[in-house]
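Enquirer: So that you have it, the file is upload-v5.pdb, and it contains PDB, C-alpha atoms:
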```pdb
MODEL        1
ATOM      1  CA  MET A   1     214.109 152.151 157.261  1.00  0.00           C
ATOM      2  CA  VAL A   2     217.225 150.479 158.498  1.00  0.00           C
ATOM      3  CA  GLY A   3     220.114 150.012 156.087  1.00  0.00           C
ATOM      4  CA  VAL A   4     222.212 146.922 155.625  1.00  0.00           C
ATOM      5  CA  SER A   5     225.779 147.244 156.790  1.00  0.00           C
ATOM      6  CA  ASP A   6     228.727 145.374 155.364  1.00  0.00           C
ATOM      7  CA  THR A   7     229.265 141.953 156.886  1.00  0.00           C
ATOM      8  CA  ALA A   8     231.494 139.033 156.041  1.00  0.00           C
ATOM      9  CA  GLY A   9     230.618 137.304 152.781  1.00  0.00           C
ATOM     10  CA  ALA A  10     229.946 133.628 152.373  1.00  0.00           C
ATOM     11  CA  SER A  11     230.254 130.951 149.799  1.00  0.00           C
ATOM     12  CA  GLU A  12     227.555 128.501 148.825  1.00  0.00           C
ATOM     13  CA  SER A  13     229.008 125.817 151.076  1.00  0.00           C
ATOM     14  CA  THR A  14     229.507 128.017 154.136  1.00  0.00           C
ATOM     15  CA  PRO A  15     226.482 130.089 155.140  1.00  0.00           C
ATOM     16  CA  PRO A  16     227.416 133.467 156.564  1.00  0.00           C
ATOM     17  CA  ALA A  17     227.133 134.104 160.235  1.00  0.00           C
ATOM     18  CA  ALA A  18     224.316 136.455 161.065  1.00  0.00           C
ATOM     19  CA  ARG A  19     225.151 139.775 162.591  1.00  0.00           C
ATOM     20  CA  THR A  20     222.460 140.372 165.167  1.00  0.00           C
ATOM     21  CA  SER A  21     221.483 143.326 167.295  1.00  0.00           C
ATOM     22  CA  SER A  22     221.650 143.176 171.072  1.00  0.00           C
ATOM     23  CA  ASP A  23     217.951 142.329 171.343  1.00  0.00           C
ATOM     24  CA  ASP A  24     218.267 139.574 168.700  1.00  0.00           C
ATOM     25  CA  HIS A  25     215.434 141.005 166.605  1.00  0.00           C
ATOM     26  CA  ARG A  26     217.656 141.967 163.666  1.00  0.00           C
ATOM     27  CA  ALA A  27     220.002 139.849 161.585  1.00  0.00           C
ATOM     28  CA  GLU A  28     221.888 140.719 158.432  1.00  0.00           C
ATOM     29  CA  TRP A  29     224.166 139.020 155.946  1.00  0.00           C
ATOM     30  CA  SER A  30     226.183 139.801 152.844  1.00  0.00           C
ATOM     31  CA  PHE A  31     226.443 137.361 149.947  1.00  0.00           C
ATOM     32  CA  PRO A  32     228.739 137.368 146.927  1.00  0.00           C
ATOM     33  CA  ALA A  33     227.010 137.947 143.605  1.00  0.00           C
ATOM     34  CA  ASP A  34     226.975 134.308 142.510  1.00  0.00           C
ATOM     35  CA  PRO A  35     224.113 131.830 141.945  1.00  0.00           C
ATOM     36  CA  GLY A  36     224.636 130.185 145.340  1.00  0.00           C
ATOM     37  CA  ALA A  37     223.535 133.418 147.010  1.00  0.00           C
ATOM     38  CA  VAL A  38     219.854 132.648 146.469  1.00  0.00           C
ATOM     39  CA  ARG A  39     219.996 129.272 148.189  1.00  0.00           C
ATOM     40  CA  ALA A  40     222.222 130.593 150.985  1.00  0.00           C
ATOM     41  CA  ALA A  41     219.933 133.583 151.618  1.00  0.00           C
ATOM     42  CA  ARG A  42     216.862 131.338 151.796  1.00  0.00           C
ATOM     43  CA  ALA A  43     218.601 129.027 154.262  1.00  0.00           C
ATOM     44  CA  VAL A  44     219.801 131.698 156.692  1.00  0.00           C
ATOM     45  CA  VAL A  45     216.528 133.634 156.601  1.00  0.00           C
ATOM     46  CA  ARG A  46     214.499 130.468 157.269  1.00  0.00           C
ATOM     47  CA  SER A  47     216.842 129.433 160.081  1.00  0.00           C
ATOM     48  CA  THR A  48     216.637 132.885 161.683  1.00  0.00           C
ATOM     49  CA  LEU A  49     212.834 132.980 161.500  1.00  0.00           C
ATOM     50  CA  ASN A  50     212.702 129.509 163.057  1.00  0.00           C
ATOM     51  CA  GLU A  51     214.947 130.700 165.911  1.00  0.00           C
ATOM     52  CA  TRP A  52     212.662 133.696 166.462  1.00  0.00           C
ATOM     53  CA  GLY A  53     209.532 131.511 166.472  1.00  0.00           C
ATOM     54  CA  LEU A  54     208.219 133.102 163.268  1.00  0.00           C
ATOM     55  CA  ASN A  55     207.602 129.905 161.292  1.00  0.00           C
ATOM     56  CA  ALA A  56     204.158 131.186 160.294  1.00  0.00           C
ATOM     57  CA  VAL A  57     205.724 133.695 157.885  1.00  0.00           C
ATOM     58  CA  GLY A  58     208.722 131.564 156.929  1.00  0.00           C
ATOM     59  CA  ASP A  59     207.556 130.241 153.560  1.00  0.00           C
ATOM     60  CA  LEU A  60     206.349 133.605 152.286  1.00  0.00           C
ATOM     61  CA  THR A  61     209.421 135.453 153.559  1.00  0.00           C
ATOM     62  CA  VAL A  62     211.783 132.960 151.952  1.00  0.00           C
ATOM     63  CA  LEU A  63     209.876 133.117 148.655  1.00  0.00           C
ATOM     64  CA  LEU A  64     210.077 136.922 148.537  1.00  0.00           C
ATOM     65  CA  VAL A  65     213.742 136.981 149.580  1.00  0.00           C
ATOM     66  CA  SER A  66     214.452 134.477 146.822  1.00  0.00           C
ATOM     67  CA  GLU A  67     212.761 136.723 144.241  1.00  0.00           C
ATOM     68  CA  LEU A  68     214.621 139.852 145.349  1.00  0.00           C
ATOM     69  CA  VAL A  69     218.038 138.193 145.611  1.00  0.00           C
ATOM     70  CA  THR A  70     217.492 136.674 142.151  1.00  0.00           C
ATOM     71  CA  ASN A  71     216.675 140.152 140.791  1.00  0.00           C
ATOM     72  CA  ALA A  72     219.831 141.542 142.390  1.00  0.00           C
ATOM     73  CA  LEU A  73     221.905 138.757 140.801  1.00  0.00           C
ATOM     74  CA  ARG A  74     220.435 139.456 137.359  1.00  0.00           C
ATOM     75  CA  HIS A  75     221.154 143.161 137.427  1.00  0.00           C
ATOM     76  CA  ALA A  76     224.023 143.897 139.840  1.00  0.00           C
ATOM     77  CA  THR A  77     227.598 142.672 140.039  1.00  0.00           C
ATOM     78  CA  GLY A  78     228.539 143.318 143.646  1.00  0.00           C
ATOM     79  CA  PRO A  79     227.655 141.894 147.027  1.00  0.00           C
ATOM     80  CA  ILE A  80     224.027 141.427 148.005  1.00  0.00           C
ATOM     81  CA  GLY A  81     222.903 142.384 151.484  1.00  0.00           C
ATOM     82  CA  VAL A  82     219.932 140.762 153.204  1.00  0.00           C
ATOM     83  CA  SER A  83     218.488 141.779 156.546  1.00  0.00           C
ATOM     84  CA  VAL A  84     215.480 140.772 158.600  1.00  0.00           C
ATOM     85  CA  GLN A  85     214.145 142.723 161.546  1.00  0.00           C
ATOM     86  CA  ARG A  86     211.188 142.156 163.817  1.00  0.00           C
ATOM     87  CA  ILE A  87     209.545 145.534 164.422  1.00  0.00           C
ATOM     88  CA  ARG A  88     206.769 146.663 166.742  1.00  0.00           C
ATOM     89  CA  ASN A  89     206.143 142.986 167.678  1.00  0.00           C
ATOM     90  CA  ASP A  90     203.622 142.820 164.832  1.00  0.00           C
ATOM     91  CA  ALA A  91     205.743 143.075 161.681  1.00  0.00           C
ATOM     92  CA  LEU A  92     208.800 141.696 159.960  1.00  0.00           C
ATOM     93  CA  LEU A  93     210.894 144.066 157.855  1.00  0.00           C
ATOM     94  CA  VAL A  94     213.071 142.455 155.170  1.00  0.00           C
ATOM     95  CA  GLU A  95     215.602 144.339 153.059  1.00  0.00           C
ATOM     96  CA  VAL A  96     217.668 143.242 150.071  1.00  0.00           C
ATOM     97  CA  SER A  97     220.429 145.607 148.944  1.00  0.00           C
ATOM     98  CA  ASP A  98     222.819 145.660 146.016  1.00  0.00           C
ATOM     99  CA  PRO A  99     225.347 148.155 144.629  1.00  0.00           C
ATOM    100  CA  LEU A 100     223.355 149.058 141.501  1.00  0.00           C
ATOM    101  CA  PRO A 101     221.872 152.554 141.991  1.00  0.00           C
ATOM    102  CA  GLU A 102     218.993 152.162 139.513  1.00  0.00           C
ATOM    103  CA  LEU A 103     215.711 151.377 141.223  1.00  0.00           C
ATOM    104  CA  PRO A 104     213.803 148.352 139.913  1.00  0.00           C
ATOM    105  CA  LEU A 105     210.772 148.889 137.728  1.00  0.00           C
ATOM    106  CA  ALA A 106     207.655 146.858 138.336  1.00  0.00           C
ATOM    107  CA  ARG A 107     206.132 145.706 135.089  1.00  0.00           C
ATOM    108  CA  ASP A 108     203.160 143.697 133.952  1.00  0.00           C
ATOM    109  CA  ALA A 109     204.403 140.332 132.788  1.00  0.00           C
ATOM    110  CA  ARG A 110     202.548 138.633 129.973  1.00  0.00           C
ATOM    111  CA  PRO A 111     201.553 134.980 130.476  1.00  0.00           C
ATOM    112  CA  GLU A 112     204.358 133.808 128.179  1.00  0.00           C
ATOM    113  CA  ASP A 113     207.064 135.903 129.901  1.00  0.00           C
ATOM    114  CA  GLU A 114     209.559 133.939 131.981  1.00  0.00           C
ATOM    115  CA  GLY A 115     210.333 136.853 134.268  1.00  0.00           C
ATOM    116  CA  GLY A 116     208.895 140.099 135.521  1.00  0.00           C
ATOM    117  CA  ARG A 117     206.706 138.819 138.338  1.00  0.00           C
ATOM    118  CA  GLY A 118     208.996 139.235 141.348  1.00  0.00           C
ATOM    119  CA  LEU A 119     208.022 142.778 142.291  1.00  0.00           C
ATOM    120  CA  GLN A 120     204.360 142.010 141.557  1.00  0.00           C
ATOM    121  CA  LEU A 121     204.578 139.127 144.013  1.00  0.00           C
ATOM    122  CA  VAL A 122     206.204 141.355 146.639  1.00  0.00           C
ATOM    123  CA  ALA A 123     203.577 144.069 146.133  1.00  0.00           C
ATOM    124  CA  ARG A 124     200.620 141.684 146.344  1.00  0.00           C
ATOM    125  CA  THR A 125     201.728 139.647 149.352  1.00  0.00           C
ATOM    126  CA  SER A 126     203.371 142.181 151.645  1.00  0.00           C
ATOM    127  CA  ARG A 127     201.784 144.733 153.952  1.00  0.00           C
ATOM    128  CA  ARG A 128     204.025 147.448 152.529  1.00  0.00           C
ATOM    129  CA  TRP A 129     207.042 147.550 150.265  1.00  0.00           C
ATOM    130  CA  GLY A 130     209.313 150.042 148.602  1.00  0.00           C
ATOM    131  CA  THR A 131     212.732 150.965 147.324  1.00  0.00           C
ATOM    132  CA  ARG A 132     215.327 153.543 148.255  1.00  0.00           C
ATOM    133  CA  ARG A 133     218.699 154.664 147.036  1.00  0.00           C
ATOM    134  CA  GLY A 134     221.617 154.508 149.412  1.00  0.00           C
ATOM    135  CA  SER A 135     225.149 155.811 149.417  1.00  0.00           C
ATOM    136  CA  ALA A 136     226.303 152.651 147.639  1.00  0.00           C
ATOM    137  CA  GLY A 137     223.386 151.281 145.639  1.00  0.00           C
ATOM    138  CA  LYS A 138     219.781 150.586 146.489  1.00  0.00           C
ATOM    139  CA  THR A 139     217.552 148.631 148.829  1.00  0.00           C
ATOM    140  CA  VAL A 140     214.264 146.924 148.086  1.00  0.00           C
ATOM    141  CA  TRP A 141     212.290 146.277 151.259  1.00  0.00           C
ATOM    142  CA  PHE A 142     209.020 144.721 152.299  1.00  0.00           C
ATOM    143  CA  GLU A 143     207.070 144.365 155.495  1.00  0.00           C
ATOM    144  CA  LEU A 144     204.949 141.376 156.495  1.00  0.00           C
ATOM    145  CA  GLY A 145     202.394 141.334 159.264  1.00  0.00           C
ATOM    146  CA  LEU A 146     203.017 138.812 162.041  1.00  0.00           C
ATOM    147  CA  PRO A 147     200.217 136.642 163.393  1.00  0.00           C
ATOM    148  CA  GLY A 148     198.995 137.086 166.932  1.00  0.00           C
TER     149      GLY A 148
ENDMDL
END
```
Written as structure tokens, that's how I'd like the structure from this file.
Expert:
Amino acid sequence: MVGVSDTAGASESTPPAARTSSDDHRAEWSFPADPGAVRAARAVVRSTLNEWGLNAVGDLTVLLVSELVTNALRHATGPIGVSVQRIRNDALLVEVSDPLPELPLARDARPEDEGGRGLQLVARTSRRWGTRRGSAGKTVWFELGLPG
């Protein structure tokens, strides 16, 4: 899996510029650990998928990114990295990184619980997903199949 590198942060009012690879099939951002990060991450991911012609997976991707960035905000205190990469022309790889080294634990949420469904949602809607520790924290990633 590809790691997220450090990029310039952004505030809620100024979305970060994407850092893209030479073939324009990878973009990555870094967000400060504040509540505006969720909205900003959704906006830049949706915009990037629109530019790449991947509207068919836009809603699901944005939903899952929102869940993972929210989890990072609840548990970590440092910057949150988000990256999207089109791979093998049939899949989209999305990664959300934070500086907390502890890997998230999937749990079974009870009907009355207000939280605990994010990783279940990722697991049930993605082709594959996982976690990994890095030199400065962890990454939660998922892969979605692309139509066509």
Enquirer: Skipping near chain neighbours, those fewer than 4 positions away, what residues fall within 9 Å of region 96-101 of chain A using all atoms listed in the file, listed as a tab-separated table (two decimals) with C-alpha atoms, in the frame of the given file?
Expert:
```tsv
chain	number	residue	atom	x	y	z
A	3	GLY	CA	220.11	150.01	156.09
A	4	VAL	CA	222.21	146.92	155.62
A	65	VAL	CA	213.74	136.98	149.58
A	68	LEU	CA	214.62	139.85	145.35
A	69	VAL	CA	218.04	138.19	145.61
A	72	ALA	CA	219.83	141.54	142.39
A	73	LEU	CA	221.90	138.76	140.80
A	75	HIS	CA	221.15	143.16	137.43
A	76	ALA	CA	224.02	143.90	139.84
A	77	THR	CA	227.60	142.67	140.04
A	78	GLY	CA	228.54	143.32	143.65
A	79	PRO	CA	227.66	141.89	147.03
A	80	ILE	CA	224.03	141.43	148.00
A	81	GLY	CA	222.90	142.38	151.48
A	82	VAL	CA	219.93	140.76	153.20
A	83	SER	CA	218.49	141.78	156.55
A	133	ARG	CA	218.70	154.66	147.04
A	134	GLY	CA	221.62	154.51	149.41
A	135	SER	CA	225.15	155.81	149.42
A	136	ALA	CA	226.30	152.65	147.64
A	137	GLY	CA	223.39	151.28	145.64
A	138	LYS	CA	219.78	150.59	146.49
A	139	THR	CA	217.55	148.63	148.83
A	140	VAL	CA	214.26	146.92	148.09
A	141	TRP	CA	212.29	146.28	151.26
```
Enquirer: Would you kindly translate the PyMOL selection byres ((chain A and resi 124) around 12) into the concrete residues it picks from this file, as a list in words?
Expert: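 Given this file, the PyMOL selection byres ((chain A and resi 124) around 12) evaluates to Leu60, Leu64, Ala106, Arg117, Gly118, Leu119, Gln120, Leu121, Val122, Ala123, Thr125, Ser126, Arg127, Arg128, Trp129, Phe142, Glu143 and Leu144 of chain A.
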Enquirer: Rank A:Thr48, A:Thr61, A:Ser66, A:Asn71 by their smallest atom-to-atom distance to His25 (chain A), using only C-alpha atoms, and report the top residue only.
Expert: A:Thr48
Enquirer: Would you pick out the contacts of region 39-46 of chain A at 6 Å or less, using only C-alpha atoms, so that residues sharing its chain but fewer than 3 positions from it are not included, and give the list as a ChimeraX atom specification?
Expert: /A:15,36,49,58,62
Enquirer: Show me, as lines of an AutoDock Vina configuration file, the centre and edge lengths in Å to one decimal of the axis-aligned box that covers every listed atom of region 134-146 of chain A with 5 Å on each side.
Expert:
```
center_x = 214.3
center_y = 147.3
center_z = 153.8
size_x = 33.9
size_y = 27.0
size_z = 26.4
```
Enquirer: For CA of Pro32 (chain A) and CA of Leu103 (chain A), determine how far apart the two atoms are, in Å to one decimal place.
Expert: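 Spanning CA of Pro32 (chain A) to CA of Leu103 (chain A) is a straight-line distance of 20.0 Å.
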Enquirer: Convert the output of the PyMOL selection byres ((chain A and resi 87-91) around 6) on the shown file into explicit residues, formatted as a PDB file with C-alpha atoms, in the frame of the given file.
Expert:
```pdb
ATOM      1  CA  ARG A  86     211.188 142.156 163.817  1.00  0.00           C
ATOM      2  CA  LEU A  92     208.800 141.696 159.960  1.00  0.00           C
ATOM      3  CA  LEU A 144     204.949 141.376 156.495  1.00  0.00           C
ATOM      4  CA  GLY A 145     202.394 141.334 159.264  1.00  0.00           C
ATOM      5  CA  LEU A 146     203.017 138.812 162.041  1.00  0.00           C
TER       6      LEU A 146
END
```
Enquirer: Determine the nearest neighbour of Glu67 (chain A) from the options A:Gly130, A:Ala109, A:Pro147, A:Gly116, counting only C-alpha atoms.
Expert: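 The closest residue to Glu67 (chain A) is A:Gly116.
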